[in-house]
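Reviewing the structure listed below.
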Amino acid sequence: MGGKSGDLDRYREKWREAPRGSDTDGRVFSSDLLAMAEDAFLAAWDAMAARRYAGEIGWLGPLYIDTFRGKRVLELGAGLGFDGIRFARHGAAWTFADIVPENLEVVRRIARLKDLSERVRFHLIEDDLSFVGLPSDYDAIWVFGSIHHVPFETARQEALEAVGHLKPGGRWMELVYPRERWLREGSLSFD
């Protein structure tokens, strides 16, 4: 990619296999979820979401539910939508942005099944990293465990494109992985 947004196909291929909720639960292909019948799909998603909410990052809800209630939030790297769906159920207007079309389709299907279609919208991040067509008055941009996986220049360009949609006084909220994961994986050096 050499300092340009370039082609995100390598990352699309990697992230169509998304975390199952908790980082200890393994991964699942969004296309496999989409192939499931409605009842099985909803049950599988709900089980993964419950594990996420009860796991080592279960604190997200209690900490941010009131922060996001009544607010417009743009999420970069929506994955399977666990965080955004949770916050939308509690009154946030959530925009899911992702580089993987199938991930967005999973979230679209869940939103429909949970009667949240009016509270959510979707944006496919293309190679140009543009957010054209989205409003420019988001109260917050939520980035959890996603943007740091691409080369710095790509992440920088994506962030610059997205931040143009944050209203004055809005918040950029970027979280990475919990300390527990770092310890579990052997406390590797950060370099």
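By order in the structure tokens, chains are A, B, ...; within a chain, residues start at 1; ligands start at 1, following the order shown.
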
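The neighbours of stretch 20-32 of chain A here are the residues that come within 7 Å of it, using only C-alpha atoms and leaving out any residue fewer than 6 positions away in the same chain; they are A:Met48, A:Ala49, A:Arg51, A:Arg52, A:Gly55, A:Glu102, A:Asn103, A:Val106.
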
**Request:** List the neighbours of A:Val120 out to 7 Å using only C-alpha atoms; skip same-chain residues closer than 6 positions along the sequence, and give me the result as a ChimeraX atom specification.
**Result:** /A:93-95

Take the residues from that selection and write them out as a PDB file, in the first residue's frame, keeping N, CA, C and O atoms.
```
ATOM      1  N   ALA A  93     -28.087   6.631  17.628  1.00  0.00           N
ATOM      2  CA  ALA A  93     -28.259   6.533  16.176  1.00  0.00           C
ATOM      3  C   ALA A  93     -26.888   6.133  15.645  1.00  0.00           C
ATOM      4  O   ALA A  93     -25.941   6.918  15.724  1.00  0.00           O
ATOM      5  N   TRP A  94     -26.752   4.921  15.144  1.00  0.00           N
ATOM      6  CA  TRP A  94     -25.442   4.322  14.874  1.00  0.00           C
ATOM      7  C   TRP A  94     -25.236   4.098  13.381  1.00  0.00           C
ATOM      8  O   TRP A  94     -26.111   3.571  12.709  1.00  0.00           O
ATOM      9  N   THR A  95     -24.069   4.505  12.887  1.00  0.00           N
ATOM     10  CA  THR A  95     -23.671   4.203  11.517  1.00  0.00           C
ATOM     11  C   THR A  95     -22.524   3.202  11.570  1.00  0.00           C
ATOM     12  O   THR A  95     -21.482   3.472  12.157  1.00  0.00           O
TER      13      THR A  95
END
```

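When only C-alpha atoms are used to measure the gap to A:Ala78, the shortest distance among A:Val107, A:Leu33, A:Ala140, A:Ala47 belongs to A:Val107.
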
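Of the listed residues (A:Ala92, A:Leu175, A:Ile147, A:Val100), A:Ala92 comes nearest to A:Asp66; the distances count only C-alpha atoms.
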
**Message:** Taking the DSSP secondary structure from the backbone, can you list the residues of chain A that are strand (DSSP E), as a ChimeraX atom specification?
**Reply:** /A:17-19,27-29,72-76,93-98,120-124,138-144,166-175

Could you take the residues named above and write them with C-alpha atoms, as a compact mmCIF listing (two decimals), in the first residue's frame?
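Final file, result_1.txt:
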```txt
# COMPACT_ATOMS: atom_id res chain seq x y z
CA GLU A 17 -13.47 -13.73 9.46
CA ALA A 18 -14.60 -11.72 12.46
CA PRO A 19 -14.25 -12.25 16.22
CA ARG A 27 -13.59 -16.34 14.82
CA VAL A 28 -16.41 -16.86 12.34
CA PHE A 29 -16.82 -15.98 8.68
CA ARG A 72 -25.12 10.05 16.43
CA VAL A 73 -22.13 7.73 16.27
CA LEU A 74 -20.00 6.54 13.34
CA GLU A 75 -18.23 3.22 13.97
CA LEU A 76 -15.12 2.37 11.95
CA ALA A 93 -28.26 6.53 16.18
CA TRP A 94 -25.44 4.32 14.87
CA THR A 95 -23.67 4.20 11.52
CA PHE A 96 -21.76 0.98 10.89
CA ALA A 97 -18.77 1.42 8.55
CA ASP A 98 -16.67 -1.52 7.45
CA VAL A 120 -28.93 2.46 12.11
CA ARG A 121 -27.30 3.10 8.77
CA PHE A 122 -24.43 1.51 6.88
CA HIS A 123 -21.35 2.61 4.96
CA LEU A 124 -19.02 0.39 2.96
CA TYR A 138 -21.61 12.89 14.27
CA ASP A 139 -21.28 13.32 18.02
CA ALA A 140 -18.66 10.58 18.20
CA ILE A 141 -16.55 8.27 16.11
CA TRP A 142 -16.12 4.83 17.70
CA VAL A 143 -13.05 2.80 16.70
CA PHE A 144 -12.50 -0.42 18.61
CA LEU A 166 -17.40 14.74 13.32
CA LYS A 167 -19.18 17.85 14.51
CA PRO A 168 -17.22 20.53 16.39
CA GLY A 169 -16.73 19.36 19.95
CA GLY A 170 -17.37 15.73 18.96
CA ARG A 171 -15.31 12.87 20.35
CA TRP A 172 -12.95 10.42 18.63
CA MET A 173 -13.01 7.30 20.80
CA GLU A 174 -10.40 4.69 19.90
CA LEU A 175 -9.86 1.56 21.91
```

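By only C-alpha atoms, and with residues fewer than 2 positions from A:His165 along its chain excluded, the set lying at most 7 Å from it is Pro135, Ser136, Asp137, Tyr138, Ala162, Val163 and Lys167 of chain A.
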
Go ahead and dump the residues you just picked, N, CA, C and O atoms, as a JSON list (two decimals), in the first residue's frame.
```json
[["chain", "number", "residue", "atom", "x", "y", "z"],
["A", 135, "PRO", "N", -23.45, 12.11, 6.91],
["A", 135, "PRO", "CA", -23.60, 13.46, 7.47],
["A", 135, "PRO", "C", -22.29, 13.93, 8.11],
["A", 135, "PRO", "O", -21.38, 13.15, 8.35],
["A", 136, "SER", "N", -22.22, 15.21, 8.37],
["A", 136, "SER", "CA", -21.01, 15.77, 8.98],
["A", 136, "SER", "C", -21.29, 16.29, 10.38],
["A", 136, "SER", "O", -20.69, 17.27, 10.82],
["A", 137, "ASP", "N", -22.21, 15.61, 11.07],
["A", 137, "ASP", "CA", -22.55, 16.07, 12.42],
["A", 137, "ASP", "C", -22.59, 14.93, 13.43],
["A", 137, "ASP", "O", -23.41, 14.92, 14.35],
["A", 138, "TYR", "N", -21.67, 13.98, 13.29],
["A", 138, "TYR", "CA", -21.61, 12.89, 14.27],
["A", 138, "TYR", "C", -21.12, 13.44, 15.61],
["A", 138, "TYR", "O", -20.20, 14.26, 15.66],
["A", 162, "ALA", "N", -12.67, 10.39, 7.95],
["A", 162, "ALA", "CA", -13.78, 10.21, 8.89],
["A", 162, "ALA", "C", -13.97, 11.41, 9.80],
["A", 162, "ALA", "O", -15.10, 11.84, 10.05],
["A", 163, "VAL", "N", -12.89, 11.98, 10.28],
["A", 163, "VAL", "CA", -13.00, 13.07, 11.24],
["A", 163, "VAL", "C", -13.69, 14.29, 10.65],
["A", 163, "VAL", "O", -14.28, 15.10, 11.37],
["A", 167, "LYS", "N", -18.80, 16.46, 14.29],
["A", 167, "LYS", "CA", -19.18, 17.85, 14.51],
["A", 167, "LYS", "C", -18.18, 18.52, 15.46],
["A", 167, "LYS", "O", -17.49, 17.83, 16.22]]
```

**Request:** Give the helix (DSSP H, G or I) residues of chain A, as assigned by DSSP on the backbone, as a ChimeraX atom specification.
**Result:** /A:9-15,30-34,38-54,60-68,82-89,101-113,147-149,152-163,179-184
